[in-house]
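K.L.:
Structure file input_2.cif (mmCIF, C-alpha atoms) is given on the next line.
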```cif
data_input
#
loop_
_atom_site.label_atom_id
_atom_site.label_comp_id
_atom_site.auth_asym_id
_atom_site.auth_seq_id
_atom_site.Cartn_x
_atom_site.Cartn_y
_atom_site.Cartn_z
CA MET A 1 -1.44 -28.68 1.97
CA ALA A 2 1.55 -26.72 2.93
CA ASN A 3 3.18 -28.13 5.97
CA THR A 4 5.12 -25.83 8.21
CA VAL A 5 8.04 -27.21 10.12
CA ILE A 6 10.27 -25.19 12.41
CA GLY A 7 13.46 -27.25 12.34
CA SER A 8 15.49 -28.16 15.38
CA SER A 9 18.16 -25.49 14.88
CA ILE A 10 15.67 -22.70 14.35
CA VAL A 11 14.96 -20.13 17.03
CA ILE A 12 12.04 -17.79 16.61
CA ASP A 13 11.51 -14.91 18.95
CA GLY A 14 8.21 -13.30 18.10
CA GLU A 15 4.80 -14.23 16.91
CA ILE A 16 3.63 -17.04 14.69
CA SER A 17 0.16 -17.10 13.27
CA GLY A 18 -1.48 -19.11 10.54
CA ASP A 19 -4.22 -21.35 9.21
CA GLU A 20 -2.31 -24.57 8.87
CA ASP A 21 -0.60 -27.26 10.90
CA LEU A 22 2.65 -26.29 12.52
CA VAL A 23 5.39 -28.64 13.67
CA ILE A 24 7.97 -27.29 16.07
CA GLN A 25 11.27 -29.09 16.47
CA GLY A 26 13.17 -25.95 17.35
CA THR A 27 12.60 -23.08 19.74
CA VAL A 28 9.79 -20.58 19.68
CA LYS A 29 9.45 -17.74 22.13
CA GLY A 30 6.60 -15.29 22.08
CA LYS A 31 3.17 -16.20 20.88
CA ILE A 32 1.60 -18.82 18.64
CA SER A 33 -1.90 -18.58 17.25
CA LEU A 34 -3.14 -21.16 14.79
CA LYS A 35 -6.44 -22.31 13.44
CA GLU A 36 -5.21 -25.87 12.98
CA SER A 37 -2.95 -28.24 14.91
CA LEU A 38 0.29 -27.59 16.67
CA TYR A 39 2.82 -30.33 17.23
CA VAL A 40 5.66 -29.69 19.61
CA GLU A 41 8.15 -32.46 18.94
CA GLY A 42 10.51 -33.98 21.49
CA SER A 43 13.25 -31.52 20.52
CA GLY A 44 10.85 -28.60 20.49
CA VAL A 45 10.97 -25.86 23.08
CA VAL A 46 8.15 -23.39 23.27
CA GLU A 47 8.07 -20.44 25.59
CA ALA A 48 4.92 -18.89 24.37
CA ASP A 49 1.24 -18.54 24.87
CA ILE A 50 -0.53 -20.85 22.49
CA GLU A 51 -3.92 -20.48 20.89
CA THR A 52 -4.91 -23.22 18.53
CA GLN A 53 -7.42 -25.91 17.70
CA ASN A 54 -5.34 -28.95 18.70
CA VAL A 55 -1.99 -29.28 20.43
CA GLU A 56 0.18 -32.33 20.76
CA ILE A 57 3.16 -31.82 22.99
CA ALA A 58 6.12 -34.18 23.26
CA GLY A 59 8.67 -31.49 24.03
CA ARG A 60 8.74 -28.59 26.43
CA VAL A 61 6.20 -25.86 26.70
CA THR A 62 6.16 -22.94 29.09
CA GLY A 63 3.13 -20.77 28.67
CA ASN A 64 -0.61 -20.86 28.67
CA ILE A 65 -2.40 -23.07 26.19
CA ALA A 66 -5.88 -22.44 24.89
CA ALA A 67 -7.22 -25.03 22.46
CA THR A 68 -10.65 -25.08 20.89
CA ASP A 69 -10.63 -28.85 20.47
CA LYS A 70 -7.96 -30.89 22.28
CA VAL A 71 -4.68 -30.76 24.16
CA GLU A 72 -2.56 -33.88 24.32
CA LEU A 73 0.45 -34.13 26.61
CA LYS A 74 2.58 -37.06 25.55
CA SER A 75 4.88 -39.01 27.80
CA ASP A 76 8.22 -37.26 28.34
CA CYS A 77 6.76 -33.84 27.70
CA ARG A 78 7.22 -31.04 30.19
CA VAL A 79 4.54 -28.43 30.33
CA VAL A 80 4.31 -25.49 32.69
CA GLY A 81 1.29 -23.25 32.32
CA ASP A 82 -2.46 -23.25 32.34
CA ILE A 83 -4.41 -25.32 29.88
CA LYS A 84 -7.86 -24.45 28.68
CA SER A 85 -9.49 -26.92 26.36
CA PRO A 86 -12.66 -29.01 26.11
CA ARG A 87 -10.54 -32.20 25.87
CA ILE A 88 -7.28 -32.82 27.61
CA LEU A 89 -5.20 -35.99 27.46
CA ILE A 90 -2.21 -36.44 29.74
CA ALA A 91 -0.15 -39.53 29.07
CA ASP A 92 1.69 -41.53 31.66
CA GLY A 93 5.16 -40.05 32.05
CA ALA A 94 4.15 -36.56 31.08
CA SER A 95 5.06 -33.84 33.52
CA PHE A 96 2.72 -30.95 33.88
CA LYS A 97 2.37 -28.06 36.23
CA GLY A 98 -0.50 -25.68 36.00
CA ASN A 99 -4.23 -25.38 36.00
CA VAL A 100 -6.59 -27.27 33.80
CA ASP A 101 -9.80 -25.66 32.67
CA MET A 102 -12.08 -27.86 30.64
CA ASP A 103 -14.66 -25.15 30.50
CA VAL A 104 -17.65 -27.38 31.08
CA LYS A 105 -20.46 -25.09 30.15
CA ASP A 106 -23.30 -27.52 29.80
CA ARG A 107 -23.52 -28.47 33.46
CA MET B 1 1.10 -40.24 14.76
CA ALA B 2 0.72 -38.19 11.68
CA THR B 3 3.38 -35.98 13.06
CA ALA B 4 6.09 -38.58 13.00
CA LYS B 5 5.43 -39.27 9.35
CA GLU B 6 5.50 -35.65 8.49
CA LEU B 7 8.74 -35.26 10.34
CA THR B 8 10.58 -37.97 8.51
CA HIS B 9 9.65 -36.27 5.29
CA THR B 10 10.75 -32.80 6.14
CA GLY B 11 13.06 -33.36 9.05
CA GLU B 12 16.07 -31.41 7.82
CA ASN B 13 14.40 -28.44 6.33
CA THR B 14 12.32 -25.76 7.90
CA VAL B 15 9.31 -24.70 5.93
CA ILE B 16 7.14 -21.74 6.69
CA GLY B 17 3.86 -22.65 5.01
CA GLN B 18 1.74 -20.37 2.91
CA SER B 19 -0.70 -19.32 5.57
CA ILE B 20 1.91 -18.83 8.27
CA LEU B 21 3.02 -15.43 9.46
CA ILE B 22 6.04 -15.11 11.69
CA SER B 23 6.89 -11.75 13.06
CA GLY B 24 9.91 -11.27 15.21
CA LYS B 25 13.36 -12.68 15.13
CA LEU B 26 14.19 -15.94 13.47
CA THR B 27 17.59 -17.59 13.68
CA GLY B 28 18.83 -21.00 12.70
CA ASP B 29 21.51 -23.30 11.36
CA GLU B 30 19.53 -24.99 8.65
CA ASP B 31 17.92 -24.22 5.34
CA LEU B 32 14.69 -22.30 5.54
CA THR B 33 11.98 -22.25 2.93
CA VAL B 34 9.46 -19.45 3.16
CA GLN B 35 6.13 -19.95 1.44
CA GLY B 36 4.33 -17.72 3.89
CA ARG B 37 5.42 -14.54 5.48
CA VAL B 38 8.27 -13.59 7.76
CA GLU B 39 8.65 -10.13 9.21
CA GLY B 40 11.39 -8.81 11.42
CA GLU B 41 14.84 -10.25 11.39
CA LEU B 42 16.09 -13.44 9.84
CA THR B 43 19.51 -14.93 10.49
CA LEU B 44 20.63 -18.28 9.13
CA THR B 45 23.95 -19.99 8.68
CA ARG B 46 22.51 -21.80 5.68
CA THR B 47 20.26 -21.04 2.75
CA LEU B 48 17.10 -19.00 2.67
CA ILE B 49 14.67 -19.89 -0.08
CA VAL B 50 11.81 -17.51 -0.63
CA GLU B 51 9.28 -19.27 -2.82
CA PRO B 52 6.98 -17.40 -5.19
CA SER B 53 4.24 -17.26 -2.56
CA GLY B 54 6.68 -16.17 0.13
CA VAL B 55 7.09 -12.70 1.51
CA VAL B 56 10.02 -11.68 3.66
CA LYS B 57 9.91 -8.24 5.13
CA ALA B 58 13.02 -8.39 7.18
CA ASN B 59 16.67 -7.76 7.41
CA VAL B 60 18.25 -10.97 6.35
CA ALA B 61 21.68 -12.40 7.16
CA VAL B 62 22.33 -15.77 5.56
CA ARG B 63 24.90 -17.76 3.66
CA ASN B 64 22.87 -18.03 0.49
CA ALA B 65 19.56 -16.58 -0.52
CA ILE B 66 17.39 -17.61 -3.44
CA VAL B 67 14.54 -15.23 -3.94
CA SER B 68 11.58 -16.20 -6.09
CA GLY B 69 9.08 -14.33 -4.00
CA VAL B 70 9.14 -10.93 -2.42
CA VAL B 71 11.83 -9.51 -0.17
CA VAL B 72 11.64 -6.07 1.32
CA GLY B 73 14.70 -5.40 3.43
CA ASN B 74 18.41 -5.85 3.18
CA ILE B 75 20.12 -9.13 2.48
CA ASN B 76 23.60 -9.76 3.69
CA ALA B 77 24.89 -13.06 2.39
CA THR B 78 28.32 -14.56 2.97
CA GLU B 79 28.14 -16.46 -0.32
CA SER B 80 25.46 -15.57 -2.80
CA VAL B 81 22.14 -13.97 -3.51
CA GLU B 82 20.08 -14.96 -6.50
CA LEU B 83 16.95 -13.25 -7.70
CA THR B 84 15.11 -15.65 -9.96
CA ARG B 85 12.71 -14.84 -12.76
CA GLU B 86 9.87 -14.31 -10.31
CA GLY B 87 11.92 -12.62 -7.62
CA ARG B 88 11.07 -9.13 -6.52
CA MET B 89 13.16 -7.25 -4.07
CA VAL B 90 13.52 -3.79 -2.64
CA GLY B 91 16.55 -3.32 -0.43
CA ASP B 92 20.30 -3.59 -0.48
CA ILE B 93 22.26 -6.70 -1.25
CA LYS B 94 25.69 -7.38 0.14
CA ALA B 95 27.25 -10.59 -1.11
CA PRO B 96 30.31 -11.66 -3.05
CA ARG B 97 28.07 -13.25 -5.67
CA VAL B 98 24.89 -11.62 -6.83
CA ILE B 99 22.82 -13.01 -9.65
CA ILE B 100 19.84 -11.22 -11.10
CA VAL B 101 18.01 -13.20 -13.71
CA ASP B 102 16.03 -11.63 -16.52
CA GLY B 103 12.50 -11.09 -15.31
CA ALA B 104 13.48 -10.40 -11.73
CA SER B 105 12.87 -6.92 -10.44
CA PHE B 106 15.08 -5.17 -7.97
CA ARG B 107 15.62 -1.78 -6.52
CA GLY B 108 18.53 -1.10 -4.23
CA ARG B 109 22.25 -1.28 -3.93
CA VAL B 110 24.50 -4.16 -4.77
CA ASP B 111 27.74 -4.49 -2.90
CA MET B 112 30.00 -7.33 -3.92
CA GLY B 113 32.55 -6.09 -1.41
CA GLU B 114 36.29 -5.94 -1.72
CA VAL B 115 36.81 -7.39 -5.10
CA GLU B 116 40.07 -9.20 -5.49
CA PRO B 117 42.73 -7.08 -7.23
CA GLY B 118 42.50 -8.68 -10.64
CA ARG B 119 38.82 -7.93 -10.92
CA LEU B 120 38.62 -4.32 -9.87
CA PRO B 121 36.21 -2.49 -12.11
CA VAL B 122 38.23 0.70 -12.13
CA GLY B 123 39.33 1.98 -15.48
CA ASP B 124 42.86 2.81 -14.35
CA ARG B 125 43.43 -0.69 -13.21
CA PRO B 126 45.59 -1.96 -16.07
CA ARG B 127 48.20 0.64 -15.25
CA ILE B 128 48.70 -0.73 -11.79
CA GLN B 129 49.90 -4.13 -12.73
CA PRO B 130 52.80 -3.07 -14.92
CA VAL B 131 53.80 -0.49 -12.32
CA ARG B 132 53.84 -2.69 -9.28
CA PRO B 133 56.76 -4.94 -10.10
CA GLN B 134 58.97 -1.92 -10.63
CA LEU B 135 57.97 -0.36 -7.37
CA ARG B 136 58.25 -3.24 -5.02
CA PRO B 137 61.96 -3.97 -5.24
CA GLY B 138 63.13 -0.46 -4.44
CA THR B 139 60.45 1.82 -3.14
CA THR B 140 57.92 -0.27 -1.36
CA THR B 141 58.40 1.40 2.00
CA PRO B 142 58.46 5.00 0.86
CA VAL B 143 55.41 4.56 -1.32
CA ARG B 144 53.19 2.92 1.22
CA PRO B 145 53.32 5.36 4.13
CA PRO B 146 51.67 8.18 2.24
CA ILE B 147 48.62 6.06 1.58
CA PRO B 148 47.01 6.56 4.99
CA ALA B 149 47.38 10.29 4.55
CA THR B 150 44.58 10.29 2.04
CA PRO B 151 42.92 13.65 2.61
CA SER B 152 45.80 15.81 1.52
CA GLY B 153 47.25 13.22 -0.82
CA ARG B 154 44.07 12.77 -2.78
CA ILE B 155 43.85 16.35 -3.81
CA ALA B 156 47.53 16.80 -4.35
CA THR B 157 48.37 13.78 -6.42
CA PRO B 158 46.30 14.39 -9.52
CA VAL B 159 47.95 17.75 -9.94
CA ALA B 160 51.40 16.62 -8.95
CA PRO B 161 52.28 13.95 -11.51
CA PRO B 162 52.75 16.24 -14.49
CA ALA B 163 55.08 18.51 -12.49
CA ARG B 164 57.17 15.78 -11.03
CA PRO B 165 58.89 14.28 -13.99
CA ALA B 166 60.25 17.74 -14.80
CA VAL B 167 61.21 18.46 -11.22
CA THR B 168 62.74 15.15 -10.43
CA THR B 169 65.16 14.92 -13.30
CA PRO B 170 67.00 18.14 -12.44
CA ALA B 171 66.62 17.61 -8.71
CA ARG B 172 67.97 14.16 -8.93
CA ALA B 173 71.26 15.13 -10.57
CA PRO B 174 72.46 17.70 -8.00
CA ALA B 175 71.19 15.96 -4.92
CA PRO B 176 71.82 12.26 -5.06
CA PRO B 177 73.74 11.98 -1.75
CA PRO B 178 71.17 13.48 0.68
CA PRO B 179 68.08 11.55 -0.42
CA PRO B 180 68.93 8.06 0.89
CA THR B 181 68.88 9.10 4.56
CA ARG B 182 66.57 12.08 4.58
CA SER B 183 64.15 10.94 1.99
CA GLU B 184 62.44 8.26 4.03
CA PRO B 185 61.15 10.51 6.80
CA LYS B 186 60.34 13.18 4.26
CA VAL B 187 58.35 10.81 2.18
CA GLU B 188 55.98 10.05 4.98
CA ALA B 189 55.32 13.72 5.44
CA LYS B 190 54.62 14.66 1.86
CA ALA B 191 57.44 14.62 -0.67
CA PRO B 192 58.05 11.37 -2.50
CA PRO B 193 59.92 13.04 -5.40
CA PRO B 194 63.48 12.99 -4.07
CA PRO B 195 63.94 9.36 -2.96
CA ALA B 196 63.71 7.43 -6.19
CA ALA B 197 63.65 9.65 -9.21
CA PRO B 198 63.46 7.01 -11.95
CA VAL B 199 60.39 5.36 -10.48
CA MET B 200 58.78 8.65 -9.59
CA ALA B 201 56.28 9.04 -12.35
CA ALA B 202 55.13 5.51 -11.85
CA GLY B 203 54.98 5.92 -8.12
CA ALA B 204 52.73 8.90 -8.44
CA LYS B 205 50.36 7.05 -10.64
CA LYS B 206 50.22 4.17 -8.32
CA LYS B 207 49.23 6.30 -5.42
CA VAL B 208 46.34 7.72 -7.30
CA ILE B 209 45.12 4.32 -8.17
CA ILE B 210 45.39 2.90 -4.73
CA LYS B 211 43.28 5.64 -3.32
CA LYS B 212 40.60 5.05 -5.85
CA LYS B 213 40.50 1.49 -4.80
CA ARG B 214 39.56 2.34 -1.26
CA MET C 1 25.85 6.99 -39.14
CA ALA C 2 22.97 5.00 -40.52
CA THR C 3 20.66 3.70 -37.90
CA ASP C 4 20.95 0.07 -38.79
CA GLN C 5 24.69 -0.03 -39.01
CA THR C 6 26.88 -1.16 -36.20
CA GLY C 7 29.78 1.05 -35.32
CA ILE C 8 32.86 -0.40 -33.73
CA ILE C 9 35.42 1.31 -31.59
CA GLY C 10 38.36 -0.97 -32.03
CA LYS C 11 40.81 -2.24 -29.46
CA GLY C 12 43.45 0.34 -30.13
CA ILE C 13 41.13 3.30 -29.93
CA VAL C 14 40.86 5.65 -26.99
CA ILE C 15 38.09 8.22 -27.00
CA LYS C 16 37.89 10.98 -24.46
CA GLY C 17 34.82 13.15 -24.57
CA ASN C 18 31.21 12.78 -25.50
CA LEU C 19 30.01 10.07 -27.77
CA THR C 20 26.54 10.29 -29.24
CA GLY C 21 24.87 8.46 -32.05
CA GLY C 22 21.90 6.70 -33.49
CA GLY C 23 23.12 3.25 -34.40
CA ASP C 24 24.33 0.23 -32.54
CA LEU C 25 27.82 0.51 -31.18
CA VAL C 26 30.39 -2.00 -30.08
CA ILE C 27 33.26 -0.78 -27.93
CA GLU C 28 36.38 -2.87 -27.92
CA GLY C 29 38.67 -0.04 -26.95
CA ARG C 30 38.47 2.69 -24.35
CA VAL C 31 36.00 5.47 -23.89
CA GLU C 32 36.14 8.13 -21.23
CA GLY C 33 33.49 10.78 -20.96
CA GLN C 34 29.86 10.41 -21.82
CA ILE C 35 27.95 8.12 -24.10
CA ALA C 36 24.46 8.74 -25.38
CA LEU C 37 23.25 6.21 -27.87
CA LYS C 38 19.81 5.67 -29.32
CA ASN C 39 20.28 1.97 -29.83
CA HIS C 40 22.23 -0.97 -28.51
CA LEU C 41 25.63 -0.50 -26.95
CA THR C 42 27.91 -3.45 -26.37
CA ILE C 43 31.08 -3.19 -24.35
CA GLU C 44 33.20 -6.13 -25.35
CA ALA C 45 35.51 -7.98 -22.99
CA SER C 46 38.44 -5.87 -24.15
CA GLY C 47 36.46 -2.64 -23.81
CA LYS C 48 36.89 -0.24 -20.94
CA VAL C 49 34.44 2.54 -20.45
CA GLN C 50 34.53 5.27 -17.87
CA ALA C 51 31.46 7.22 -18.71
CA ASP C 52 27.89 7.93 -17.91
CA ILE C 53 25.95 5.90 -20.41
CA ARG C 54 22.52 6.39 -21.88
CA ALA C 55 21.32 3.86 -24.38
CA GLU C 56 18.34 1.84 -25.34
CA GLU C 57 20.00 -1.40 -24.44
CA LEU C 58 23.38 -2.11 -22.97
CA THR C 59 25.38 -5.30 -22.88
CA ILE C 60 28.55 -5.31 -20.84
CA ASN C 61 31.18 -7.98 -21.24
CA GLY C 62 34.09 -5.76 -20.29
CA GLU C 63 34.62 -2.98 -17.79
CA ALA C 64 32.39 -0.04 -17.17
CA SER C 65 32.31 2.59 -14.50
CA GLY C 66 29.79 5.38 -14.41
CA ASN C 67 26.06 5.69 -14.22
CA ILE C 68 23.91 3.79 -16.64
CA ASP C 69 20.47 4.69 -17.86
CA ALA C 70 18.92 2.29 -20.33
CA SER C 71 15.40 2.44 -21.68
CA THR C 72 14.98 -1.31 -22.12
CA LYS C 73 17.63 -3.55 -20.65
CA VAL C 74 21.09 -3.80 -19.14
CA SER C 75 22.91 -7.13 -19.23
CA ILE C 76 26.04 -7.59 -17.18
CA SER C 77 27.71 -10.78 -18.29
CA SER C 78 29.89 -13.06 -16.24
CA SER C 79 33.11 -11.49 -17.51
CA ALA C 80 32.02 -7.93 -16.77
CA LYS C 81 33.20 -5.57 -14.09
CA VAL C 82 30.84 -2.73 -13.46
CA ALA C 83 30.71 0.08 -10.94
CA GLY C 84 27.97 2.67 -10.91
CA ASP C 85 24.26 3.14 -10.62
CA ILE C 86 21.96 1.47 -13.08
CA LYS C 87 18.50 2.55 -14.05
CA ALA C 88 16.60 0.32 -16.43
CA PRO C 89 13.36 -1.63 -16.57
CA ARG C 90 15.29 -4.87 -16.89
CA VAL C 91 18.68 -5.56 -15.38
CA VAL C 92 20.40 -8.91 -15.61
CA ILE C 93 23.52 -9.75 -13.64
CA GLU C 94 25.09 -13.06 -14.51
CA ASP C 95 26.91 -15.25 -12.05
CA GLY C 96 30.57 -14.27 -11.98
CA ALA C 97 29.96 -10.65 -12.88
CA VAL C 98 31.40 -8.05 -10.56
CA PHE C 99 29.07 -5.20 -9.82
CA ASN C 100 29.04 -2.52 -7.18
CA GLY C 101 26.41 0.15 -7.24
CA SER C 102 22.69 0.50 -7.18
CA VAL C 103 19.98 -0.88 -9.40
CA GLU C 104 16.72 0.83 -10.00
CA MET C 105 13.94 -1.15 -11.65
CA ASP C 106 10.22 -1.00 -11.20
CA VAL C 107 9.34 -3.44 -8.48
CA LYS C 108 5.70 -4.38 -8.20
CA LEU C 109 5.12 -5.36 -4.62
CA PRO C 110 2.00 -6.83 -3.10
CA ASP C 111 -0.33 -4.22 -1.68
CA ASP C 112 0.00 -5.35 1.90
CA ILE C 113 3.68 -4.54 2.28
#
```
Would it be possible to restate this file's structure as structure tokens?

P.N.:
Amino acid sequence: MANTVIGSSIVIDGEISGDEDLVIQGTVKGKISLKESLYVEGSGVVEADIETQNVEIAGRVTGNIAATDKVELKSDCRVVGDIKSPRILIADGASFKGNVDMDVKDR
Amino acid sequence: MATAKELTHTGENTVIGQSILISGKLTGDEDLTVQGRVEGELTLTRTLIVEPSGVVKANVAVRNAIVSGVVVGNINATESVELTREGRMVGDIKAPRVIIVDGASFRGRVDMGEVEPGRLPVGDRPRIQPVRPQLRPGTTTPVRPPIPATPSGRIATPVAPPARPAVTTPARAPAPPPPPTRSEPKVEAKAPPPPAAPVMAAGAKKKVIIKKKR
Amino acid sequence: MATDQTGIIGKGIVIKGNLTGGGDLVIEGRVEGQIALKNHLTIEASGKVQADIRAEELTINGEASGNIDASTKVSISSSAKVAGDIKAPRVVIEDGAVFNGSVEMDVKLPDDI
């Protein structure tokens, strides 16, 4: 399976969309919409609204995140924005500011 | 977890996978491989590789570009652009080295820029080299000033050369004393004939050639 | 000129004017004007051509300036210096060649561009 990596020196200002995993080590501003998983590495900086299935964030994200499956904030990450996802994991050491919406429908 | 592994594999190279579409502005200091689609503007200090599945619809500024997929837009490369057998491109290429392999298809302009003197593809070229050594010792200054004055010079010069040899030989005999002082200002205005009669014919030719070069 | 013979314009030859013919032609000298050839034209490394060229196939090892229209292929080799616009279904530019001008080939692009 093709594996998309946005390297650490890369800056993208615009929209990214796709049906495969995306690894961000660089900078992305704008919008990201994926049907698979997004990994924001420690060096990654995202200033974008994110729509995806899974997100794992070790770097910095500013923007709203909507995941259909899971959002994982790793230690050392910095996230500012609202998160909407049925599963959310926030590790010790992660810094996060924003609202969490786990969209619990079945209650 | 999986991420870390993936990273060690591909850490130094950015890959835009087949299903990925990026639209907007992309800049970077590393190699970029496009298997998917990039639209907008793409600026790299390294190499862009467009794989057969890749589509780039963008204005591209890179060091090197290797196109095996599709590029629609202009490529400006500081080193080279290569269209491989599968490469298809519509747009203009500006690069000192451009390689188009048999099988590639391309529509657009190619600009290899200021080609170094020895390689100029102008037919008159060979004449320049023999002429130059003669000119430089004596008449370098008089000959050069007229060059900026292209508009009038261009039209005049082609007609002038045949007349000059005839004019200069008689003119030169009666009026050798005045030229040295007066000639230099005159030359800038329009009349190179008086200053250096023997070199004249050659000088005229050279001017024509230089203008073509520009 | 028989069609299957190869004509040669030798190194010392300068031709000014129109050049037309039905056979293959190799230019080692100079040609200024226009060239219309039914077959293969080769401009050797010593050849210098300032002309609009029409031919079936064109191979350039020397210098050419002018517009080129070939019905099959134009090859610009690494020693060539070419200025002008090229129209041909196949155009090959080797590394080291010097070319300034435009190239027009058929480019089949995906539908969604």

K.L.:
Given the file shown, enumerate the residues that the PyMOL selection byres ((chain B) within 10 of (chain C)) captures and present them as a ChimeraX atom specification.

P.N.:
/B:55-57,69-72,80-83,87-94,96-115,119-124

K.L.:
May I ask which of the residues B:Gly54, B:Ile49, B:Glu79, B:Leu44 is the closest one to Ile22 (chain B), counting only C-alpha atoms?

P.N.:
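Looking at the shortest contact to Ile22 (chain B), the residue is B:Gly54.
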
K.L.:
Running the PyMOL selection byres ((chain A) within 7 of (chain B)) on this model by hand, what would come out? Give it as a list in words.

P.N.:
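So the PyMOL selection byres ((chain A) within 7 of (chain B)) ends up selecting Ala2, Asn3, Thr4, Val5, Ile6, Gly7, Ser9, Ile10, Val11, Ile12, Asp13, Gly14, Glu15, Ile16, Ser17, Gly18, Asp19 and Glu20 of chain A.
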
K.L.:
With C-alpha atoms retained, export the selected residues as a JSON list (two decimals), in the frame of the given file.

P.N.:
```json
[["chain", "number", "residue", "atom", "x", "y", "z"],
["A", 2, "ALA", "CA", 1.55, -26.72, 2.93],
["A", 3, "ASN", "CA", 3.18, -28.13, 5.97],
["A", 4, "THR", "CA", 5.12, -25.83, 8.21],
["A", 5, "VAL", "CA", 8.04, -27.21, 10.12],
["A", 6, "ILE", "CA", 10.27, -25.19, 12.41],
["A", 7, "GLY", "CA", 13.46, -27.25, 12.34],
["A", 9, "SER", "CA", 18.16, -25.49, 14.88],
["A", 10, "ILE", "CA", 15.67, -22.70, 14.35],
["A", 11, "VAL", "CA", 14.96, -20.13, 17.03],
["A", 12, "ILE", "CA", 12.04, -17.79, 16.61],
["A", 13, "ASP", "CA", 11.51, -14.91, 18.95],
["A", 14, "GLY", "CA", 8.21, -13.30, 18.10],
["A", 15, "GLU", "CA", 4.80, -14.23, 16.91],
["A", 16, "ILE", "CA", 3.63, -17.04, 14.69],
["A", 17, "SER", "CA", 0.16, -17.10, 13.27],
["A", 18, "GLY", "CA", -1.48, -19.11, 10.54],
["A", 19, "ASP", "CA", -4.22, -21.35, 9.21],
["A", 20, "GLU", "CA", -2.31, -24.57, 8.87]]
```

K.L.:
Rounded to one decimal, what separation in Å do you get between CA of Asn64 (chain A) and CA of Phe96 (chain A)?

P.N.:
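CA of Phe96 (chain A) lies at a distance of 11.8 Å from CA of Asn64 (chain A).
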
K.L.:
Could you expand the PyMOL selection byres ((chain A and resi 46) around 6) into the explicit residues it covers here, written as a list in words?

P.N.:
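Expected selection for the PyMOL selection byres ((chain A and resi 46) around 6) here is Thr27, Val28, Lys29, Val45, Glu47, Ala48 and Val61 of chain A.
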
K.L.:
What gap, in Å, lies between CA of Arg63 (chain B) and CA of Tyr39 (chain A)?

P.N.:
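Between these atoms lies a distance of 28.8 Å.
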
K.L.:
Please indicate the distance in Å from CA of Gly23 (chain C) to CA of Arg54 (chain C), rounded to one decimal place.

P.N.:
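CA of Arg54 (chain C) lies 12.9 Å from CA of Gly23 (chain C).
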
K.L.:
Quick one: axis-aligned box around all listed atoms of region 2-18 of chain A, 6 Å on every side, centre and edge lengths in Å to one decimal, written as lines of an AutoDock Vina configuration file.

P.N.:
```
center_x = 8.3
center_y = -20.7
center_z = 10.9
size_x = 31.6
size_y = 26.9
size_z = 28.0
```

K.L.:
Taking into account only C-alpha atoms, which residue in the set C:Ile60, C:Leu41, C:Ile68, C:Ile13 is nearest to Leu25 (chain C)?

P.N.:
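Ranking C:Ile60, C:Leu41, C:Ile68, C:Ile13 by distance to Leu25 (chain C), first place goes to C:Leu41.
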
K.L.:
Starting from the incomplete input, reconstruct N, CA and C atoms of region 10-20 of chain A and report them as a JSON list (two decimals), in the coordinates of the input.

P.N.:
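Generated file (part12.json):
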```json
[["chain", "number", "residue", "atom", "x", "y", "z"],
["A", 10, "ILE", "N", 16.28, -24.02, 14.55],
["A", 10, "ILE", "CA", 15.67, -22.70, 14.35],
["A", 10, "ILE", "C", 15.18, -22.12, 15.69],
["A", 11, "VAL", "N", 15.45, -20.85, 15.85],
["A", 11, "VAL", "CA", 14.96, -20.13, 17.03],
["A", 11, "VAL", "C", 14.11, -18.96, 16.53],
["A", 12, "ILE", "N", 12.90, -18.90, 16.99],
["A", 12, "ILE", "CA", 12.04, -17.79, 16.61],
["A", 12, "ILE", "C", 11.65, -17.04, 17.87],
["A", 13, "ASP", "N", 11.88, -15.75, 17.82],
["A", 13, "ASP", "CA", 11.51, -14.91, 18.95],
["A", 13, "ASP", "C", 10.50, -13.91, 18.42],
["A", 14, "GLY", "N", 9.23, -14.17, 18.67],
["A", 14, "GLY", "CA", 8.21, -13.30, 18.10],
["A", 14, "GLY", "C", 6.89, -14.01, 18.03],
["A", 15, "GLU", "N", 6.14, -13.67, 17.01],
["A", 15, "GLU", "CA", 4.80, -14.23, 16.91],
["A", 15, "GLU", "C", 4.66, -15.10, 15.68],
["A", 16, "ILE", "N", 3.95, -16.20, 15.85],
["A", 16, "ILE", "CA", 3.63, -17.04, 14.69],
["A", 16, "ILE", "C", 2.12, -17.14, 14.61],
["A", 17, "SER", "N", 1.60, -16.90, 13.43],
["A", 17, "SER", "CA", 0.16, -17.10, 13.27],
["A", 17, "SER", "C", -0.09, -17.78, 11.93],
["A", 18, "GLY", "N", -1.21, -18.45, 11.81],
["A", 18, "GLY", "CA", -1.48, -19.11, 10.54],
["A", 18, "GLY", "C", -2.70, -19.99, 10.57],
["A", 19, "ASP", "N", -3.02, -20.53, 9.37],
["A", 19, "ASP", "CA", -4.22, -21.35, 9.21],
["A", 19, "ASP", "C", -3.85, -22.78, 8.85],
["A", 20, "GLU", "N", -2.68, -23.21, 9.24],
["A", 20, "GLU", "CA", -2.31, -24.57, 8.87],
["A", 20, "GLU", "C", -1.57, -25.23, 10.02]]
```
